[in-house]
Every structure is written in C-alpha cells, then in structure tokens.
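To start, the structure under review is shown below, and the notes come after it.
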Amino acid sequence: MPIVFRKEGLDELIVRQLHLETRQPNLREWDAMVQKIKRPKHEISVALVGKYVGLKECYKSLGEALVHGGLDHETKVTVTWIESEDIERLGTERILREADGILIPGGFGARGIEGKIAAVRYARERQVPFLGLCLGMQCAAIEFARNVAGLAGANSSEFDERSPHPVIHLMPDQHGVSDKGGTMRLGSYSCQLGEGTLAQKMYGVEEVRERHRHRYEFNNAYREQLTAKGLVLSGLSPDGRLVEIIELKDHPWFLGTQFHPEYSSRPHRPHPLFSGFVGAALRKKLGQ
C-alpha cells in the first residue's frame, strides 16, 4: 500500500470494515525499499531483445525481476524494448550500442531468431553483460557453436530440421510425439551447479530448484566439442543428463538458463541471477 494511503489511515479503515484482527505493522523494510525505488543512486539501460515486444505484458515478470535486481544495487533499470527482427534489418551496432546489459527472454518459433543470435554475438564479442532465458539460452548455444566452435549451419531443430549441427533438439524420447503441450518440461526441477562457476557464485549454493516451461534441450552430442572451445556447462540436472545453465570463461558476465528464474524473484528477495546481471551491467556503466 502506498505510504500516503497508510498516513491517511486507509489500512485501518479496511481492516475495521472487514472485521480483521490487526496489529501495528512493521513497515520499515518496505519503506526502505520504496525509498530505493524513488531515489536510486544509479541508472542503467538493459536491452530486452524479444519477439513479442509489441505486447510488453508478455514480459511482465521479467520487467519486475529487473526492478528487484536493481533494488539490490540502488539502481533504476530502464528497459529498452528491442524487436529482434529490427536487429535483422538494421544490425546490432545501431540498436545495441547504448546497452549496459542485454537480456534475451523465452519464446517459440523461428521468427526473429537470427536477430536474437546476432544480439548474443554482440554481447559476447563486445563483453556486454548477458542473460539468456530459455530460448535466450538456446540462442546463446547456437551462436557459440556457429561463431566460436566453427559449426557452420548450427541451429535448433525447432527452426531447421535439416541443420547439420542441431545443438538444440528434442530429447530422443520425444521424437514422434505430436502433442507438444503434453511433452513440455514444466514446473520445478533441481539443478546442480558446477564448482567455481559464475552460476554457483551468484547462487551461493551447490544445488537449486527452478521453474521450467520448454520442450527443446541442449544436444548432449555436442558437449565435448563446445566445452573444448570454452563453453561452460555450469548447471546440470542431478543425473547429469540435462544441461540447465551455460556460461563463458572469458567474459565479465555471460550466463544462459534453460529455466525461468524471473518467476521466483520478489522485491525483498531479488533472484540472485537478476541481481548479479544488474550488478554486472552497473559495473560496465561505471567503467569498473
């Protein structure tokens, strides 16, 4: 409830009208959070490269998670909404040069994918902090396979069934299944974090549980080729079968997740990946 309503006694009126038991609330933590929002010390710009930016409500949870991450650093996060197809038409330099961080969210279908992959390459080569979620992580794997590992034509089988290097694909037990909704990996799954990785540093623990909503996975046939070129598989399912998080060694902050961390972020408990991403973008802005 906004502070002005509380000062006018609206909260007391509501609980009295509803015959609720009440006690004097301790709003010290909430008030401190409101002050951080109203008077941030810093401001950064995050380019969100999506394919549904004409309907920003599609990314509502992402916008809120970025706000939460900003609170950890007393930083206002201004989101620049980028249509990935615009990158395909106009190029990355013109559109992304002012970005302190680049975020690529989830999505489905082939439209705008090459623009997302180009944005990943820009973040990797220009050392811009990068966070890729679900499809964003898959685009990062494709970009790395093409431009670092030299696997020409690398793609996801979702977009190109004839790709010579389907680094993202359907798991073998899903081939021939036509009911896509029934085969999606949905809900909470465990993820074990690699020792000394950026992911483990951000979380501060060895294992986490995160929420998923996807069907295509990292193709295990390419693990050795891609890790040999510097890709880090920093999060795996407990049985080691599924790649959950990827990152880069020689980059200030580059991380992609198969899951959706934005769903579990809260104002008083920013998700560690969003806090870490905002912090890295702020360091870039400050030249640190």
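Chain labels A, B, ... are given in the sequence in which chains occur in the structure tokens; within each chain residues are numbered consecutively from 1, and ligands are likewise numbered from 1 in the order shown.
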Can you list every residue of range 42-142 of chain A that has an atom at most 10 Å from range 217-237 of chain A, with its nearest atom pair and the distance in Å to one decimal, using only C-alpha atoms, ordered by chain then number, as a Markdown table?
```
| residue | atom | partner | partner_atom | distance |
| --- | --- | --- | --- | --- |
| A:Cys134 | CA | A:Glu217 | CA | 9.4 |
| A:Leu135 | CA | A:Glu217 | CA | 9.8 |
| A:Met137 | CA | A:Phe218 | CA | 9.3 |
| A:Gln138 | CA | A:Phe218 | CA | 7.3 |
| A:Ala141 | CA | A:Phe218 | CA | 7.9 |
| A:Ile142 | CA | A:Phe218 | CA | 9.7 |
```
For Lys76 in chain A, work out the shell of residues within 12 Å, counting only C-alpha atoms and skipping chain neighbours fewer than 6 positions away, then give it as a list in words.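 My reading of the contact set: Gln35, Lys36, Ile37, Lys38, Arg39, Pro40, Lys41, His42, Glu43, Ile44, Ser45, Val46, Gly63, Glu64, Leu66, Val67, His68, Gly69, Gly70, Val278, Gly279, Ala281 and Leu282 of chain A.
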Filtering to N, CA and C atoms, could you give me those residues as a PDB file, in the first residue's frame?
```
ATOM      1  N   GLN A  35      11.990   3.900  -0.830  1.00  0.00           N
ATOM      2  CA  GLN A  35      12.952   4.987  -0.995  1.00  0.00           C
ATOM      3  C   GLN A  35      14.002   4.654  -2.053  1.00  0.00           C
ATOM      4  N   LYS A  36      14.401   3.383  -2.125  1.00  0.00           N
ATOM      5  CA  LYS A  36      15.357   2.972  -3.155  1.00  0.00           C
ATOM      6  C   LYS A  36      14.755   3.127  -4.545  1.00  0.00           C
ATOM      7  N   ILE A  37      13.461   2.845  -4.650  1.00  0.00           N
ATOM      8  CA  ILE A  37      12.786   2.987  -5.940  1.00  0.00           C
ATOM      9  C   ILE A  37      12.654   4.458  -6.322  1.00  0.00           C
ATOM     10  N   LYS A  38      12.312   5.286  -5.353  1.00  0.00           N
ATOM     11  CA  LYS A  38      12.068   6.705  -5.630  1.00  0.00           C
ATOM     12  C   LYS A  38      13.354   7.498  -5.814  1.00  0.00           C
ATOM     13  N   ARG A  39      14.416   7.083  -5.132  1.00  0.00           N
ATOM     14  CA  ARG A  39      15.670   7.853  -5.174  1.00  0.00           C
ATOM     15  C   ARG A  39      16.864   6.930  -5.432  1.00  0.00           C
ATOM     16  N   PRO A  40      16.936   6.321  -6.602  1.00  0.00           N
ATOM     17  CA  PRO A  40      18.075   5.444  -6.905  1.00  0.00           C
ATOM     18  C   PRO A  40      19.361   6.242  -7.052  1.00  0.00           C
ATOM     19  N   LYS A  41      20.467   5.607  -6.724  1.00  0.00           N
ATOM     20  CA  LYS A  41      21.776   6.250  -6.862  1.00  0.00           C
ATOM     21  C   LYS A  41      22.323   6.135  -8.278  1.00  0.00           C
ATOM     22  N   HIS A  42      21.870   5.097  -8.994  1.00  0.00           N
ATOM     23  CA  HIS A  42      22.419   4.850 -10.329  1.00  0.00           C
ATOM     24  C   HIS A  42      21.278   4.528 -11.295  1.00  0.00           C
ATOM     25  N   GLU A  43      21.610   4.490 -12.569  1.00  0.00           N
ATOM     26  CA  GLU A  43      20.652   4.078 -13.596  1.00  0.00           C
ATOM     27  C   GLU A  43      21.402   3.353 -14.705  1.00  0.00           C
ATOM     28  N   ILE A  44      20.825   2.262 -15.167  1.00  0.00           N
ATOM     29  CA  ILE A  44      21.402   1.514 -16.288  1.00  0.00           C
ATOM     30  C   ILE A  44      20.328   1.266 -17.341  1.00  0.00           C
ATOM     31  N   SER A  45      20.789   0.912 -18.539  1.00  0.00           N
ATOM     32  CA  SER A  45      19.877   0.581 -19.624  1.00  0.00           C
ATOM     33  C   SER A  45      20.086  -0.878 -20.014  1.00  0.00           C
ATOM     34  N   VAL A  46      19.010  -1.648 -19.994  1.00  0.00           N
ATOM     35  CA  VAL A  46      19.049  -3.057 -20.400  1.00  0.00           C
ATOM     36  C   VAL A  46      18.245  -3.216 -21.675  1.00  0.00           C
ATOM     37  N   GLY A  63      10.277  -7.740 -16.422  1.00  0.00           N
ATOM     38  CA  GLY A  63      10.430  -6.343 -16.030  1.00  0.00           C
ATOM     39  C   GLY A  63      10.472  -6.180 -14.524  1.00  0.00           C
ATOM     40  N   GLU A  64       9.606  -6.914 -13.823  1.00  0.00           N
ATOM     41  CA  GLU A  64       9.580  -6.825 -12.370  1.00  0.00           C
ATOM     42  C   GLU A  64      10.850  -7.397 -11.756  1.00  0.00           C
ATOM     43  N   LEU A  66      13.783  -7.434 -13.052  1.00  0.00           N
ATOM     44  CA  LEU A  66      14.862  -6.455 -13.251  1.00  0.00           C
ATOM     45  C   LEU A  66      14.767  -5.331 -12.227  1.00  0.00           C
ATOM     46  N   VAL A  67      13.550  -4.906 -11.928  1.00  0.00           N
ATOM     47  CA  VAL A  67      13.369  -3.902 -10.867  1.00  0.00           C
ATOM     48  C   VAL A  67      13.904  -4.437  -9.551  1.00  0.00           C
ATOM     49  N   HIS A  68      13.565  -5.688  -9.235  1.00  0.00           N
ATOM     50  CA  HIS A  68      14.047  -6.299  -7.992  1.00  0.00           C
ATOM     51  C   HIS A  68      15.574  -6.349  -7.964  1.00  0.00           C
ATOM     52  N   GLY A  69      16.171  -6.754  -9.082  1.00  0.00           N
ATOM     53  CA  GLY A  69      17.627  -6.793  -9.144  1.00  0.00           C
ATOM     54  C   GLY A  69      18.243  -5.428  -8.961  1.00  0.00           C
ATOM     55  N   GLY A  70      17.583  -4.402  -9.491  1.00  0.00           N
ATOM     56  CA  GLY A  70      18.067  -3.037  -9.324  1.00  0.00           C
ATOM     57  C   GLY A  70      18.049  -2.587  -7.875  1.00  0.00           C
ATOM     58  N   VAL A 278      22.236  -7.258 -13.095  1.00  0.00           N
ATOM     59  CA  VAL A 278      22.156  -5.801 -12.936  1.00  0.00           C
ATOM     60  C   VAL A 278      23.466  -5.259 -12.384  1.00  0.00           C
ATOM     61  N   GLY A 279      24.049  -5.967 -11.409  1.00  0.00           N
ATOM     62  CA  GLY A 279      25.321  -5.522 -10.851  1.00  0.00           C
ATOM     63  C   GLY A 279      26.421  -5.482 -11.897  1.00  0.00           C
ATOM     64  N   ALA A 281      25.965  -5.113 -15.173  1.00  0.00           N
ATOM     65  CA  ALA A 281      25.646  -4.008 -16.082  1.00  0.00           C
ATOM     66  C   ALA A 281      26.031  -2.667 -15.464  1.00  0.00           C
ATOM     67  N   LEU A 282      25.833  -2.544 -14.161  1.00  0.00           N
ATOM     68  CA  LEU A 282      26.212  -1.292 -13.478  1.00  0.00           C
ATOM     69  C   LEU A 282      27.720  -1.113 -13.484  1.00  0.00           C
TER      70      LEU A 282
END
```
To one decimal place in Å, what is the distance between CA of Pro105 in chain A and CA of Tyr59 in chain A?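 According to the coordinates, CA of Pro105 in chain A and CA of Tyr59 in chain A are separated by 8.0 Å.
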Glu210 in chain A proximity check over A:Leu133, A:Ala145, A:Met171, A:Leu248, using only C-alpha atoms: winner is A:Leu133
In range 92-216 of chain A, what's helix (DSSP H, G or I) per DSSP? Answer as a PDB file with C-alpha atoms, in the first residue's frame?
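Generated output (result_14.pdb):
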```pdb
ATOM      1  CA  THR A  92      23.396  -4.752 -33.851  1.00  0.00           C
ATOM      2  CA  GLU A  93      25.672  -1.702 -33.590  1.00  0.00           C
ATOM      3  CA  ARG A  94      22.934   0.789 -34.352  1.00  0.00           C
ATOM      4  CA  ILE A  95      20.464  -0.745 -31.915  1.00  0.00           C
ATOM      5  CA  LEU A  96      22.567  -2.150 -29.051  1.00  0.00           C
ATOM      6  CA  ILE A 113      15.677 -15.885 -34.187  1.00  0.00           C
ATOM      7  CA  GLU A 114      18.579 -14.606 -36.285  1.00  0.00           C
ATOM      8  CA  GLY A 115      18.206 -11.198 -34.657  1.00  0.00           C
ATOM      9  CA  LYS A 116      18.456 -12.800 -31.235  1.00  0.00           C
ATOM     10  CA  ILE A 117      21.516 -14.789 -32.263  1.00  0.00           C
ATOM     11  CA  ALA A 118      23.127 -11.593 -33.585  1.00  0.00           C
ATOM     12  CA  ALA A 119      22.425  -9.901 -30.238  1.00  0.00           C
ATOM     13  CA  VAL A 120      24.133 -12.783 -28.418  1.00  0.00           C
ATOM     14  CA  ARG A 121      27.180 -12.408 -30.644  1.00  0.00           C
ATOM     15  CA  TYR A 122      27.292  -8.688 -29.951  1.00  0.00           C
ATOM     16  CA  ALA A 123      27.170  -9.319 -26.185  1.00  0.00           C
ATOM     17  CA  ARG A 124      29.871 -11.981 -26.385  1.00  0.00           C
ATOM     18  CA  GLU A 125      32.283 -10.071 -28.596  1.00  0.00           C
ATOM     19  CA  ARG A 126      31.735  -6.646 -27.002  1.00  0.00           C
ATOM     20  CA  LEU A 135      15.091 -19.639 -25.797  1.00  0.00           C
ATOM     21  CA  GLY A 136      17.710 -16.998 -24.965  1.00  0.00           C
ATOM     22  CA  MET A 137      20.000 -19.704 -23.597  1.00  0.00           C
ATOM     23  CA  GLN A 138      19.393 -21.824 -26.684  1.00  0.00           C
ATOM     24  CA  CYS A 139      20.275 -18.886 -28.965  1.00  0.00           C
ATOM     25  CA  ALA A 140      23.493 -18.460 -26.993  1.00  0.00           C
ATOM     26  CA  ALA A 141      24.398 -22.115 -27.575  1.00  0.00           C
ATOM     27  CA  ILE A 142      23.672 -21.768 -31.304  1.00  0.00           C
ATOM     28  CA  GLU A 143      25.721 -18.577 -31.602  1.00  0.00           C
ATOM     29  CA  PHE A 144      28.683 -20.149 -29.806  1.00  0.00           C
ATOM     30  CA  ALA A 145      28.512 -23.263 -31.960  1.00  0.00           C
ATOM     31  CA  ARG A 146      28.496 -21.234 -35.172  1.00  0.00           C
ATOM     32  CA  ASN A 147      30.968 -18.491 -34.412  1.00  0.00           C
ATOM     33  CA  PRO A 172      15.155 -38.847 -28.040  1.00  0.00           C
ATOM     34  CA  ASP A 173      12.083 -39.919 -26.038  1.00  0.00           C
ATOM     35  CA  GLN A 174      10.061 -37.024 -27.510  1.00  0.00           C
ATOM     36  CA  LYS A 180       3.578 -30.569 -27.701  1.00  0.00           C
ATOM     37  CA  GLY A 181       1.842 -29.221 -24.620  1.00  0.00           C
ATOM     38  CA  GLY A 182       1.804 -32.640 -23.014  1.00  0.00           C
ATOM     39  CA  THR A 183       5.533 -33.179 -23.513  1.00  0.00           C
ATOM     40  CA  LEU A 198      29.634 -17.923 -12.159  1.00  0.00           C
ATOM     41  CA  ALA A 199      26.307 -19.642 -11.530  1.00  0.00           C
ATOM     42  CA  GLN A 200      27.482 -21.054  -8.209  1.00  0.00           C
ATOM     43  CA  LYS A 201      28.940 -17.691  -7.245  1.00  0.00           C
ATOM     44  CA  MET A 202      25.613 -15.987  -7.931  1.00  0.00           C
ATOM     45  CA  TYR A 203      23.501 -18.513  -6.034  1.00  0.00           C
TER      46      TYR A 203
END
```
Step one, run DSSP on the backbone; step two, keep only residues of range 1-250 of chain A assigned to strand (DSSP E or B); then write them as a ChimeraX atom specification. /A:42-50,75-83,101-104,130-133,154-156,165-170,185-193,207-214,216-218,231-236,243-248
Please report the interatomic distance between CA of Pro129 in chain A and CA of Gly101 in chain A in Å with one decimal.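 According to the coordinates, CA of Pro129 in chain A and CA of Gly101 in chain A are separated by 4.8 Å.
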Which neighbours of Arg209 in chain A fall inside 8 Å, counting only C-alpha atoms, when residues of the same chain fewer than 4 positions from it are skipped, and could you give them as a PyMOL selection string? chain A and resi 188-191
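From CA of His165 in chain A back to CA of Gly153 in chain A, the distance works out to 6.4 Å.
Proximity to Glu88 in chain A was assessed for A:Ala154, A:Val49, A:Leu193, A:Leu62 counting only C-alpha atoms; the smallest distance is recorded for A:Val49.
Distance annotation: of A:Asp31, A:Glu85, A:Glu206, A:Glu244, the residue with the minimal separation from His260 in chain A is A:Glu244; atom set is only C-alpha atoms.
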In terms of only C-alpha atoms, the residue from A:Val128, A:Ser163, A:Glu195, A:Gly256 at minimal distance from Gly287 in chain A is A:Val128
